[in-house]
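This is structure_6.pdb. It holds PDB, C-alpha atoms, pLDDT in the B column.
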ATOM      1  CA  MET A 635       0.000   0.000   0.000  1.00 43.00           C
ATOM      2  CA  ARG A 636       3.020   2.282   0.293  1.00 45.00           C
ATOM      3  CA  HIS A 637       3.476   2.708  -3.464  1.00 48.00           C
ATOM      4  CA  PRO A 638      -0.047   4.034  -4.240  1.00 49.00           C
ATOM      5  CA  LEU A 639       0.267   6.504  -1.361  1.00 44.00           C
ATOM      6  CA  LEU A 640       3.620   7.766  -2.571  1.00 43.00           C
ATOM      7  CA  LEU A 641       2.270   8.106  -6.116  1.00 44.00           C
ATOM      8  CA  TRP A 642      -0.760  10.046  -4.859  1.00 43.00           C
ATOM      9  CA  LEU A 643       1.456  12.423  -2.854  1.00 43.00           C
ATOM     10  CA  ALA A 644       3.716  13.003  -5.867  1.00 48.00           C
ATOM     11  CA  VAL A 645       0.748  13.848  -8.097  1.00 43.00           C
ATOM     12  CA  CYS A 646      -0.580  16.302  -5.505  1.00 45.00           C
ATOM     13  CA  ALA A 647       2.810  17.992  -5.222  1.00 48.00           C
ATOM     14  CA  VAL A 648       3.098  18.472  -8.975  1.00 42.00           C
ATOM     15  CA  TRP A 649      -0.459  19.827  -9.160  1.00 42.00           C
ATOM     16  CA  LEU A 650       0.228  22.354  -6.398  1.00 45.00           C
ATOM     17  CA  VAL A 651       3.401  23.562  -8.143  1.00 42.00           C
ATOM     18  CA  LEU A 652       1.621  24.058 -11.457  1.00 41.00           C
ATOM     19  CA  VAL A 653      -1.342  25.871  -9.904  1.00 41.00           C
ATOM     20  CA  GLY A 654       0.893  28.061  -7.771  1.00 47.00           C
ATOM     21  CA  ALA A 655       3.007  29.058 -10.776  1.00 41.00           C
ATOM     22  CA  GLY A 656      -0.002  29.838 -12.895  1.00 44.00           C
ATOM     23  CA  CYS A 657       1.278  27.423 -15.554  1.00 39.00           C
ATOM     24  CA  ASN A 658      -0.763  27.356 -18.770  1.00 43.00           C
ATOM     25  CA  LEU A 659       0.643  24.224 -20.369  1.00 36.00           C
ATOM     26  CA  PHE A 660      -2.230  23.838 -22.793  1.00 36.00           C
ATOM     27  CA  GLU A 661      -2.451  27.437 -23.983  1.00 40.00           C
ATOM     28  CA  PRO A 662      -0.539  28.465 -27.149  1.00 38.00           C
ATOM     29  CA  ASP A 663       2.422  30.811 -26.756  1.00 41.00           C
ATOM     30  CA  ASP A 664       1.918  34.398 -27.776  1.00 40.00           C
ATOM     31  CA  PRO A 665       3.577  34.843 -31.212  1.00 35.00           C
ATOM     32  CA  GLU A 666       6.717  36.922 -31.262  1.00 37.00           C
ATOM     33  CA  PRO A 667       6.346  40.142 -33.239  1.00 40.00           C
ATOM     34  CA  PRO A 668       8.386  40.161 -36.465  1.00 41.00           C
ATOM     35  CA  SER A 669      11.799  41.727 -36.020  1.00 50.00           C
ATOM     36  CA  GLU A 670      13.313  44.075 -38.600  1.00 72.00           C
ATOM     37  CA  GLN A 671      17.078  43.986 -38.824  1.00 91.00           C
ATOM     38  CA  ALA A 672      18.831  47.148 -39.946  1.00 96.00           C
ATOM     39  CA  ILE A 673      21.118  47.060 -42.965  1.00 97.00           C
ATOM     40  CA  LEU A 674      24.843  47.227 -42.344  1.00 97.00           C
ATOM     41  CA  PRO A 675      26.026  49.885 -44.853  1.00 98.00           C
ATOM     42  CA  ASP A 676      28.885  48.707 -47.061  1.00 98.00           C
ATOM     43  CA  TYR A 677      30.112  50.696 -50.062  1.00 98.00           C
ATOM     44  CA  ARG A 678      33.647  49.270 -50.208  1.00 97.00           C
ATOM     45  CA  THR A 679      33.315  48.007 -53.788  1.00 98.00           C
ATOM     46  CA  PRO A 680      31.149  49.140 -56.720  1.00 98.00           C
ATOM     47  CA  ASP A 681      29.113  45.941 -56.604  1.00 97.00           C
ATOM     48  CA  ARG A 682      28.545  46.289 -52.865  1.00 98.00           C
ATOM     49  CA  THR A 683      27.244  49.800 -53.499  1.00 98.00           C
ATOM     50  CA  LEU A 684      24.731  48.364 -55.967  1.00 98.00           C
ATOM     51  CA  ASP A 685      23.846  45.731 -53.367  1.00 98.00           C
ATOM     52  CA  MET A 686      23.058  48.531 -50.916  1.00 98.00           C
ATOM     53  CA  ILE A 687      20.580  50.024 -53.387  1.00 98.00           C
ATOM     54  CA  ALA A 688      18.910  46.630 -53.715  1.00 98.00           C
ATOM     55  CA  LEU A 689      18.811  46.066 -49.949  1.00 98.00           C
ATOM     56  CA  ALA A 690      17.372  49.538 -49.382  1.00 98.00           C
ATOM     57  CA  LEU A 691      14.531  48.828 -51.808  1.00 98.00           C
ATOM     58  CA  ARG A 692      13.927  45.549 -50.034  1.00 97.00           C
ATOM     59  CA  ASP A 693      13.865  47.368 -46.700  1.00 97.00           C
ATOM     60  CA  LYS A 694      11.176  49.816 -47.898  1.00 97.00           C
ATOM     61  CA  ALA A 695      12.284  52.301 -45.212  1.00 97.00           C
ATOM     62  CA  ARG A 696      11.258  49.961 -42.399  1.00 96.00           C
ATOM     63  CA  THR A 697      14.642  50.418 -40.726  1.00 97.00           C
ATOM     64  CA  ASN A 698      17.574  52.410 -42.134  1.00 97.00           C
ATOM     65  CA  GLY A 699      16.781  51.836 -45.797  1.00 98.00           C
ATOM     66  CA  THR A 700      16.463  55.534 -46.593  1.00 98.00           C
ATOM     67  CA  SER A 701      19.946  56.438 -45.363  1.00 97.00           C
ATOM     68  CA  VAL A 702      21.479  53.324 -46.928  1.00 98.00           C
ATOM     69  CA  TYR A 703      19.872  54.106 -50.287  1.00 98.00           C
ATOM     70  CA  ILE A 704      20.908  57.730 -50.488  1.00 97.00           C
ATOM     71  CA  GLY A 705      24.343  56.821 -49.127  1.00 97.00           C
ATOM     72  CA  ALA A 706      25.005  54.983 -52.400  1.00 98.00           C
ATOM     73  CA  PHE A 707      24.859  58.273 -54.352  1.00 97.00           C
ATOM     74  CA  ALA A 708      27.548  60.947 -54.348  1.00 96.00           C
ATOM     75  CA  ASP A 709      26.607  64.182 -52.632  1.00 91.00           C
ATOM     76  CA  SER A 710      28.808  67.133 -53.510  1.00 79.00           C
ATOM     77  CA  THR A 711      29.838  68.793 -50.264  1.00 69.00           C
ATOM     78  CA  ALA A 712      33.075  70.393 -51.499  1.00 60.00           C
ATOM     79  CA  PRO A 713      34.452  71.687 -54.833  1.00 62.00           C
ATOM     80  CA  ASP A 714      36.559  68.540 -55.307  1.00 63.00           C
ATOM     81  CA  THR A 715      33.699  66.156 -54.389  1.00 69.00           C
ATOM     82  CA  PRO A 716      31.691  64.818 -57.339  1.00 86.00           C
ATOM     83  CA  ALA A 717      27.932  65.064 -57.332  1.00 93.00           C
ATOM     84  CA  TYR A 718      25.329  62.585 -58.532  1.00 96.00           C
ATOM     85  CA  HIS A 719      23.545  63.200 -61.845  1.00 96.00           C
ATOM     86  CA  HIS A 720      20.834  61.141 -63.504  1.00 97.00           C
ATOM     87  CA  PHE A 721      20.237  61.162 -67.260  1.00 98.00           C
ATOM     88  CA  PHE A 722      16.995  59.978 -68.848  1.00 98.00           C
ATOM     89  CA  TRP A 723      16.432  57.958 -72.004  1.00 97.00           C
ATOM     90  CA  PRO A 724      14.910  60.292 -74.634  1.00 96.00           C
ATOM     91  CA  THR A 725      11.929  58.037 -75.431  1.00 95.00           C
ATOM     92  CA  ASP A 726      11.055  57.875 -71.729  1.00 96.00           C
ATOM     93  CA  VAL A 727      10.896  61.657 -71.603  1.00 96.00           C
ATOM     94  CA  ALA A 728       8.886  61.888 -74.824  1.00 95.00           C
ATOM     95  CA  GLN A 729       6.366  59.214 -73.884  1.00 91.00           C
ATOM     96  CA  SER A 730       5.923  60.386 -70.303  1.00 92.00           C
ATOM     97  CA  GLY A 731       5.099  63.959 -71.286  1.00 92.00           C
ATOM     98  CA  VAL A 732       7.111  65.116 -68.265  1.00 93.00           C
ATOM     99  CA  THR A 733       9.933  67.633 -68.447  1.00 94.00           C
ATOM    100  CA  PRO A 734      12.657  66.379 -66.097  1.00 95.00           C
ATOM    101  CA  PRO A 735      14.544  68.747 -63.809  1.00 94.00           C
ATOM    102  CA  ALA A 736      17.513  70.475 -65.409  1.00 94.00           C
ATOM    103  CA  ASP A 737      19.814  68.550 -63.081  1.00 95.00           C
ATOM    104  CA  TRP A 738      18.536  65.447 -61.306  1.00 96.00           C
ATOM    105  CA  GLY A 739      20.588  65.124 -58.127  1.00 95.00           C
ATOM    106  CA  VAL A 740      20.545  63.629 -54.654  1.00 95.00           C
ATOM    107  CA  SER A 741      17.489  65.517 -53.398  1.00 95.00           C
ATOM    108  CA  HIS A 742      15.434  64.306 -56.367  1.00 96.00           C
ATOM    109  CA  GLU A 743      16.704  60.765 -55.833  1.00 97.00           C
ATOM    110  CA  LEU A 744      15.701  60.816 -52.176  1.00 96.00           C
ATOM    111  CA  ASN A 745      12.193  61.926 -53.105  1.00 97.00           C
ATOM    112  CA  PHE A 746      12.029  59.204 -55.757  1.00 97.00           C
ATOM    113  CA  TYR A 747      12.975  56.493 -53.253  1.00 98.00           C
ATOM    114  CA  SER A 748      10.255  57.617 -50.861  1.00 96.00           C
ATOM    115  CA  LYS A 749       7.561  57.584 -53.548  1.00 96.00           C
ATOM    116  CA  LEU A 750       8.671  54.365 -55.217  1.00 97.00           C
ATOM    117  CA  LEU A 751       8.206  52.433 -51.991  1.00 96.00           C
ATOM    118  CA  HIS A 752       4.503  53.207 -51.919  1.00 94.00           C
ATOM    119  CA  LEU A 753       3.653  52.125 -55.474  1.00 94.00           C
ATOM    120  CA  ARG A 754       3.041  48.515 -54.437  1.00 95.00           C
ATOM    121  CA  GLY A 755       2.230  46.837 -51.149  1.00 95.00           C
ATOM    122  CA  ASP A 756       4.274  43.709 -51.927  1.00 96.00           C
ATOM    123  CA  GLU A 757       7.943  43.230 -51.168  1.00 97.00           C
ATOM    124  CA  TYR A 758      10.518  44.568 -53.651  1.00 97.00           C
ATOM    125  CA  GLN A 759      13.461  42.666 -55.064  1.00 97.00           C
ATOM    126  CA  LEU A 760      16.044  44.442 -57.260  1.00 98.00           C
ATOM    127  CA  ILE A 761      18.102  42.132 -59.458  1.00 98.00           C
ATOM    128  CA  TRP A 762      21.343  43.408 -61.017  1.00 98.00           C
ATOM    129  CA  LEU A 763      22.893  41.562 -63.972  1.00 98.00           C
ATOM    130  CA  ALA A 764      25.941  42.393 -66.061  1.00 96.00           C
ATOM    131  CA  ASP A 765      25.259  43.918 -69.479  1.00 97.00           C
ATOM    132  CA  GLU A 766      27.168  41.411 -71.595  1.00 93.00           C
ATOM    133  CA  GLU A 767      27.269  43.664 -74.655  1.00 95.00           C
ATOM    134  CA  ASN A 768      28.970  46.497 -72.752  1.00 97.00           C
ATOM    135  CA  PRO A 769      32.091  45.512 -70.793  1.00 96.00           C
ATOM    136  CA  ASP A 770      33.004  47.412 -67.642  1.00 97.00           C
ATOM    137  CA  ASP A 771      35.867  49.909 -67.519  1.00 97.00           C
ATOM    138  CA  THR A 772      37.499  49.548 -64.115  1.00 96.00           C
ATOM    139  CA  ARG A 773      40.177  51.909 -62.814  1.00 96.00           C
ATOM    140  CA  GLU A 774      41.669  52.573 -59.419  1.00 94.00           C
ATOM    141  CA  GLN A 775      39.460  55.504 -58.437  1.00 95.00           C
ATOM    142  CA  ARG A 776      36.648  55.320 -61.009  1.00 97.00           C
ATOM    143  CA  VAL A 777      34.615  52.644 -62.736  1.00 98.00           C
ATOM    144  CA  ASP A 778      32.174  52.785 -65.628  1.00 98.00           C
ATOM    145  CA  ILE A 779      29.914  49.764 -65.383  1.00 98.00           C
ATOM    146  CA  HIS A 780      26.844  48.618 -67.271  1.00 98.00           C
ATOM    147  CA  ARG A 781      24.034  46.675 -65.664  1.00 98.00           C
ATOM    148  CA  HIS A 782      20.664  45.254 -66.550  1.00 98.00           C
ATOM    149  CA  TYR A 783      18.190  45.653 -63.717  1.00 98.00           C
ATOM    150  CA  GLU A 784      14.787  44.307 -62.848  1.00 97.00           C
ATOM    151  CA  VAL A 785      12.637  45.232 -59.885  1.00 97.00           C
ATOM    152  CA  VAL A 786      10.052  42.562 -59.148  1.00 97.00           C
ATOM    153  CA  THR A 787       7.339  42.479 -56.523  1.00 97.00           C
ATOM    154  CA  GLU A 788       6.806  39.387 -54.445  1.00 96.00           C
ATOM    155  CA  THR A 789       4.977  37.979 -51.463  1.00 94.00           C
ATOM    156  CA  PRO A 790       6.803  37.392 -48.155  1.00 91.00           C
ATOM    157  CA  ASP A 791       7.308  33.741 -49.122  1.00 91.00           C
ATOM    158  CA  GLY A 792       9.074  34.737 -52.358  1.00 89.00           C
ATOM    159  CA  THR A 793       6.266  34.261 -54.882  1.00 95.00           C
ATOM    160  CA  ILE A 794       6.744  36.834 -57.665  1.00 95.00           C
ATOM    161  CA  THR A 795       3.618  38.908 -58.254  1.00 95.00           C
ATOM    162  CA  GLY A 796       4.772  41.287 -60.975  1.00 95.00           C
ATOM    163  CA  THR A 797       7.406  43.605 -62.403  1.00 96.00           C
ATOM    164  CA  LEU A 798       7.895  47.155 -61.172  1.00 96.00           C
ATOM    165  CA  ALA A 799      10.796  48.240 -63.373  1.00 97.00           C
ATOM    166  CA  LEU A 800      13.008  46.856 -66.130  1.00 97.00           C
ATOM    167  CA  GLY A 801      15.899  48.476 -67.969  1.00 98.00           C
ATOM    168  CA  PHE A 802      19.605  49.146 -68.275  1.00 98.00           C
ATOM    169  CA  ALA A 803      21.855  51.480 -66.307  1.00 98.00           C
ATOM    170  CA  ASP A 804      25.182  52.894 -67.437  1.00 98.00           C
ATOM    171  CA  LEU A 805      26.809  53.798 -64.148  1.00 98.00           C
ATOM    172  CA  THR A 806      29.878  55.748 -63.112  1.00 98.00           C
ATOM    173  CA  LEU A 807      31.091  55.229 -59.560  1.00 98.00           C
ATOM    174  CA  VAL A 808      33.932  57.121 -57.920  1.00 96.00           C
ATOM    175  CA  LYS A 809      35.971  56.046 -54.914  1.00 95.00           C
ATOM    176  CA  GLY A 810      35.997  58.716 -52.220  1.00 93.00           C
ATOM    177  CA  ALA A 811      38.636  59.635 -49.690  1.00 90.00           C
ATOM    178  CA  ASP A 812      36.841  57.400 -47.181  1.00 92.00           C
ATOM    179  CA  GLY A 813      37.386  54.382 -49.441  1.00 95.00           C
ATOM    180  CA  ASN A 814      33.710  54.076 -50.337  1.00 96.00           C
ATOM    181  CA  TRP A 815      32.318  53.879 -53.866  1.00 97.00           C
ATOM    182  CA  ARG A 816      29.332  56.026 -54.774  1.00 97.00           C
ATOM    183  CA  VAL A 817      27.286  56.552 -57.917  1.00 98.00           C
ATOM    184  CA  THR A 818      28.047  59.845 -59.661  1.00 97.00           C
ATOM    185  CA  ILE A 819      26.299  59.179 -62.994  1.00 97.00           C
ATOM    186  CA  TRP A 820      23.295  57.006 -63.779  1.00 98.00           C
ATOM    187  CA  SER A 821      22.352  57.038 -67.460  1.00 98.00           C
ATOM    188  CA  ASP A 822      19.167  55.063 -67.848  1.00 98.00           C
ATOM    189  CA  ARG A 823      18.345  52.989 -70.930  1.00 97.00           C
ATOM    190  CA  VAL A 824      15.115  51.328 -71.960  1.00 97.00           C
ATOM    191  CA  ASP A 825      15.153  47.554 -72.362  1.00 97.00           C
ATOM    192  CA  PRO A 826      13.976  46.964 -75.956  1.00 95.00           C
ATOM    193  CA  ALA A 827      12.457  43.632 -74.881  1.00 93.00           C
ATOM    194  CA  ALA A 828      10.348  45.218 -72.148  1.00 93.00           C
ATOM    195  CA  ASP A 829       6.568  45.433 -72.339  1.00 91.00           C
ATOM    196  CA  PRO A 830       5.472  48.845 -71.004  1.00 85.00           C
ATOM    197  CA  GLY A 831       1.888  47.626 -70.952  1.00 83.00           C
ATOM    198  CA  ALA A 832       2.895  45.070 -68.346  1.00 80.00           C
ATOM    199  CA  ASP A 833       4.494  47.734 -66.151  1.00 87.00           C
ATOM    200  CA  GLU A 834       7.941  46.808 -67.487  1.00 93.00           C
ATOM    201  CA  VAL A 835       9.062  50.423 -67.585  1.00 96.00           C
ATOM    202  CA  SER A 836      12.514  51.725 -66.750  1.00 97.00           C
ATOM    203  CA  LEU A 837      13.505  53.221 -63.426  1.00 98.00           C
ATOM    204  CA  GLY A 838      14.065  56.420 -65.371  1.00 97.00           C
ATOM    205  CA  ARG A 839      10.397  56.381 -66.302  1.00 96.00           C
ATOM    206  CA  ARG A 840       9.505  55.777 -62.677  1.00 97.00           C
ATOM    207  CA  ARG A 841      11.689  58.713 -61.685  1.00 97.00           C
ATOM    208  CA  LEU A 842       9.893  60.987 -64.132  1.00 96.00           C
ATOM    209  CA  SER A 843       6.628  60.416 -62.292  1.00 90.00           C
ATOM    210  CA  SER A 844       8.076  61.369 -58.910  1.00 83.00           C
ATOM    211  CA  PRO A 845       9.607  64.908 -58.989  1.00 65.00           C
TER     212      PRO A 845
END

Written as structure tokens, that's how I'd like the structure from this file.
Amino acid sequence: MRHPLLLWLAVCAVWLVLVGAGCNLFEPDDPEPPSEQAILPDYRTPDRTLDMIALALRDKARTNGTSVYIGAFADSTAPDTPAYHHFFWPTDVAQSGVTPPADWGVSHELNFYSKLLHLRGDEYQLIWLADEENPDDTREQRVDIHRHYEVVTETPDGTITGTLALGFADLTLVKGADGNWRVTIWSDRVDPAADPGADEVSLGRRRLSSP
């Protein structure tokens, strides 16, 4: 008879501990809120600078995306510091019916980033690819590179829902005294294979709608 008594006492002790601790073993845990991790800025190579632009679009200004994005573009703060200039493809200007600013610089680019983020509710993914028909010209302090880009929209699980932008960019990046590479010239080109009716317009065209 000793064993049933000991078992009964053990069960009572466990029950008292659980009740006293307010243990809710059968209730689901409260879900943890999603955490947003800030981007670690890195402009140490031209390709890393382009990666920062892509990461900033992905961030959609949830964390430090705005500063990371604009940090990829040169801001002239002294006579010997280059400034950023964007140049539009002539057919984009003609078809948009918009007269671009005389000099598209950093302030225009910052405004463009802010407005672009609100065009779609889905996530953004910017894909950079080398322009095989135009080789890069790489020097110690300056590079002229050519990239094909595509901005797609997608669901959180990675399902692509559409295209936001498609085109080519002829880019000049200059290495600053701090060792970082920043875009000084972005000459936008239309992708001849793009379908504007399917929203496959260039980023230059998107910029024209955001001054």

* Given the file above and the PyMOL selection byres ((chain A and resi 752-758) around 10), which residues are selected, and can you give them as a ChimeraX atom specification? -> /A:688-694,747-751,759-761,785-798,840

Would you save the residues of that selection, restricted to C-alpha atoms, as a PDB file, in the frame of the given file?
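Output (selection-v9.pdb):
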ATOM      1  CA  ALA A 688      18.910  46.630 -53.715  1.00 98.00           C
ATOM      2  CA  LEU A 689      18.811  46.066 -49.949  1.00 98.00           C
ATOM      3  CA  ALA A 690      17.372  49.538 -49.382  1.00 98.00           C
ATOM      4  CA  LEU A 691      14.531  48.828 -51.808  1.00 98.00           C
ATOM      5  CA  ARG A 692      13.927  45.549 -50.034  1.00 97.00           C
ATOM      6  CA  ASP A 693      13.865  47.368 -46.700  1.00 97.00           C
ATOM      7  CA  LYS A 694      11.176  49.816 -47.898  1.00 97.00           C
ATOM      8  CA  TYR A 747      12.975  56.493 -53.253  1.00 98.00           C
ATOM      9  CA  SER A 748      10.255  57.617 -50.861  1.00 96.00           C
ATOM     10  CA  LYS A 749       7.561  57.584 -53.548  1.00 96.00           C
ATOM     11  CA  LEU A 750       8.671  54.365 -55.217  1.00 97.00           C
ATOM     12  CA  LEU A 751       8.206  52.433 -51.991  1.00 96.00           C
ATOM     13  CA  GLN A 759      13.461  42.666 -55.064  1.00 97.00           C
ATOM     14  CA  LEU A 760      16.044  44.442 -57.260  1.00 98.00           C
ATOM     15  CA  ILE A 761      18.102  42.132 -59.458  1.00 98.00           C
ATOM     16  CA  VAL A 785      12.637  45.232 -59.885  1.00 97.00           C
ATOM     17  CA  VAL A 786      10.052  42.562 -59.148  1.00 97.00           C
ATOM     18  CA  THR A 787       7.339  42.479 -56.523  1.00 97.00           C
ATOM     19  CA  GLU A 788       6.806  39.387 -54.445  1.00 96.00           C
ATOM     20  CA  THR A 789       4.977  37.979 -51.463  1.00 94.00           C
ATOM     21  CA  PRO A 790       6.803  37.392 -48.155  1.00 91.00           C
ATOM     22  CA  ASP A 791       7.308  33.741 -49.122  1.00 91.00           C
ATOM     23  CA  GLY A 792       9.074  34.737 -52.358  1.00 89.00           C
ATOM     24  CA  THR A 793       6.266  34.261 -54.882  1.00 95.00           C
ATOM     25  CA  ILE A 794       6.744  36.834 -57.665  1.00 95.00           C
ATOM     26  CA  THR A 795       3.618  38.908 -58.254  1.00 95.00           C
ATOM     27  CA  GLY A 796       4.772  41.287 -60.975  1.00 95.00           C
ATOM     28  CA  THR A 797       7.406  43.605 -62.403  1.00 96.00           C
ATOM     29  CA  LEU A 798       7.895  47.155 -61.172  1.00 96.00           C
ATOM     30  CA  ARG A 840       9.505  55.777 -62.677  1.00 97.00           C
TER      31      ARG A 840
END

* Asked: Separation of CA of Asn698 in chain A and CA of Ala672 in chain A, in Å?
  ->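 Rounded to one decimal, the two atoms are 5.8 Å apart.
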
* To do: Expand the PyMOL selection byres ((chain A and resi 821) around 7) into the individual residues it matches in the shown file, reporting them as a PyMOL selection string.
  => chain A and resi 720-722+803-805+819-820+822-823

* For CA of Asp833 in chain A and CA of Phe802 in chain A, the interatomic separation in Å (one decimal) ->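 CA of Asp833 in chain A sits 15.3 Å away from CA of Phe802 in chain A.
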
* Write out as a PyMOL selection string which residues come within 10 Å of Tyr677 in chain A when counting only C-alpha atoms, dropping same-chain ones fewer than 2 positions away. => chain A and resi 674-675+679-686+702+705-706+809+812-816

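Picked by the PyMOL selection byres ((chain A and resi 783) around 10) from the coordinates shown: Leu760, Ile761, Trp762, Leu763, Ala764, Asp765, His780, Arg781, His782, Glu784, Val785, Val786, Ala799, Leu800, Gly801, Phe802, Ala803, Asp825, Ser836 and Leu837 of chain A.
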
Axis-aligned box over every listed atom of range 814-832 of chain A, padded by 3 Å per side: centre and edges in Å to one decimal, as AutoDock Vina command-line options?
--center_x 17.8 --center_y 51.7 --center_z -63.1 --size_x 37.8 --size_y 22.2 --size_z 31.6

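Here the question is which of A:Ser843, A:Ser741, A:Thr733, A:Thr818 gets nearest to Phe707 in chain A using all atoms listed in the file, and that residue is A:Thr818.
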
* Point-to-point distance from CA of Leu744 in chain A to CA of Tyr718 in chain A, Å rounded to tenths ->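 Computing it gives 11.7 Å between the two atoms.
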
* **Closest of A:Val824, A:Ala717, A:Ala811, A:Ala832 to Val740 in chain A - atom-to-atom distances counting only C-alpha atoms** =>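 Among the listed residues, the smallest separation from Val740 in chain A belongs to A:Ala717.
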
* Nearest residue to Val835 in chain A from the set A:Glu670, A:Asp726, A:Glu774, A:Glu766 (distances using all atoms listed in the file) -> A:Asp726

* Protein/DNA/RNA residues near (33.4, 52.6, -61.8), cut 8 Å, all atoms listed in the file, as JSON, numbers by chain -> {"A": [680, 770, 771, 772, 773, 775, 776, 777, 778, 779, 805, 806, 807, 808]}

Could you add whatever atoms are missing so that range 827-845 of chain A carries N, CA and C atoms, then write the result as a short mmCIF file (atom, residue, chain, number, x, y, z; two decimals), keeping the file's coordinate frame?
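Saved result, rebuild-v5.cif, follows:
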data_model
loop_
_atom_site.label_atom_id
_atom_site.label_comp_id
_atom_site.auth_asym_id
_atom_site.auth_seq_id
_atom_site.Cartn_x
_atom_site.Cartn_y
_atom_site.Cartn_z
N ALA A 827 13.33 44.80 -75.01
CA ALA A 827 12.46 43.63 -74.88
C ALA A 827 11.35 43.83 -73.85
N ALA A 828 11.34 44.97 -73.20
CA ALA A 828 10.35 45.22 -72.15
C ALA A 828 8.97 45.48 -72.74
N ASP A 829 7.96 45.19 -71.95
CA ASP A 829 6.57 45.43 -72.34
C ASP A 829 6.00 46.51 -71.42
N PRO A 830 5.98 47.76 -71.87
CA PRO A 830 5.47 48.84 -71.00
C PRO A 830 4.04 48.61 -70.54
N GLY A 831 3.26 47.90 -71.35
CA GLY A 831 1.89 47.63 -70.95
C GLY A 831 1.78 46.69 -69.77
N ALA A 832 2.86 45.97 -69.50
CA ALA A 832 2.90 45.07 -68.35
C ALA A 832 3.68 45.69 -67.20
N ASP A 833 3.77 47.00 -67.19
CA ASP A 833 4.49 47.73 -66.15
C ASP A 833 6.00 47.50 -66.21
N GLU A 834 6.50 47.02 -67.35
CA GLU A 834 7.94 46.81 -67.49
C GLU A 834 8.60 48.09 -68.00
N VAL A 835 8.49 49.14 -67.21
CA VAL A 835 9.06 50.42 -67.58
C VAL A 835 10.38 50.61 -66.85
N SER A 836 11.20 51.51 -67.35
CA SER A 836 12.51 51.72 -66.75
C SER A 836 12.39 52.48 -65.42
N LEU A 837 13.46 52.41 -64.64
CA LEU A 837 13.50 53.22 -63.43
C LEU A 837 13.54 54.70 -63.76
N GLY A 838 14.11 55.03 -64.93
CA GLY A 838 14.06 56.42 -65.37
C GLY A 838 12.64 56.90 -65.55
N ARG A 839 11.81 56.04 -66.13
CA ARG A 839 10.40 56.38 -66.30
C ARG A 839 9.71 56.51 -64.94
N ARG A 840 10.06 55.65 -64.02
CA ARG A 840 9.51 55.78 -62.68
C ARG A 840 9.96 57.08 -62.02
N ARG A 841 11.20 57.46 -62.26
CA ARG A 841 11.69 58.71 -61.68
C ARG A 841 10.91 59.90 -62.25
N LEU A 842 10.59 59.86 -63.51
CA LEU A 842 9.89 60.99 -64.13
C LEU A 842 8.52 61.25 -63.51
N SER A 843 7.95 60.24 -62.91
CA SER A 843 6.63 60.42 -62.29
C SER A 843 6.71 60.82 -60.83
N SER A 844 7.93 61.11 -60.35
CA SER A 844 8.08 61.37 -58.91
C SER A 844 8.72 62.70 -58.51
N PRO A 845 8.96 63.65 -59.44
CA PRO A 845 9.61 64.91 -58.99
C PRO A 845 8.80 65.61 -57.92
#
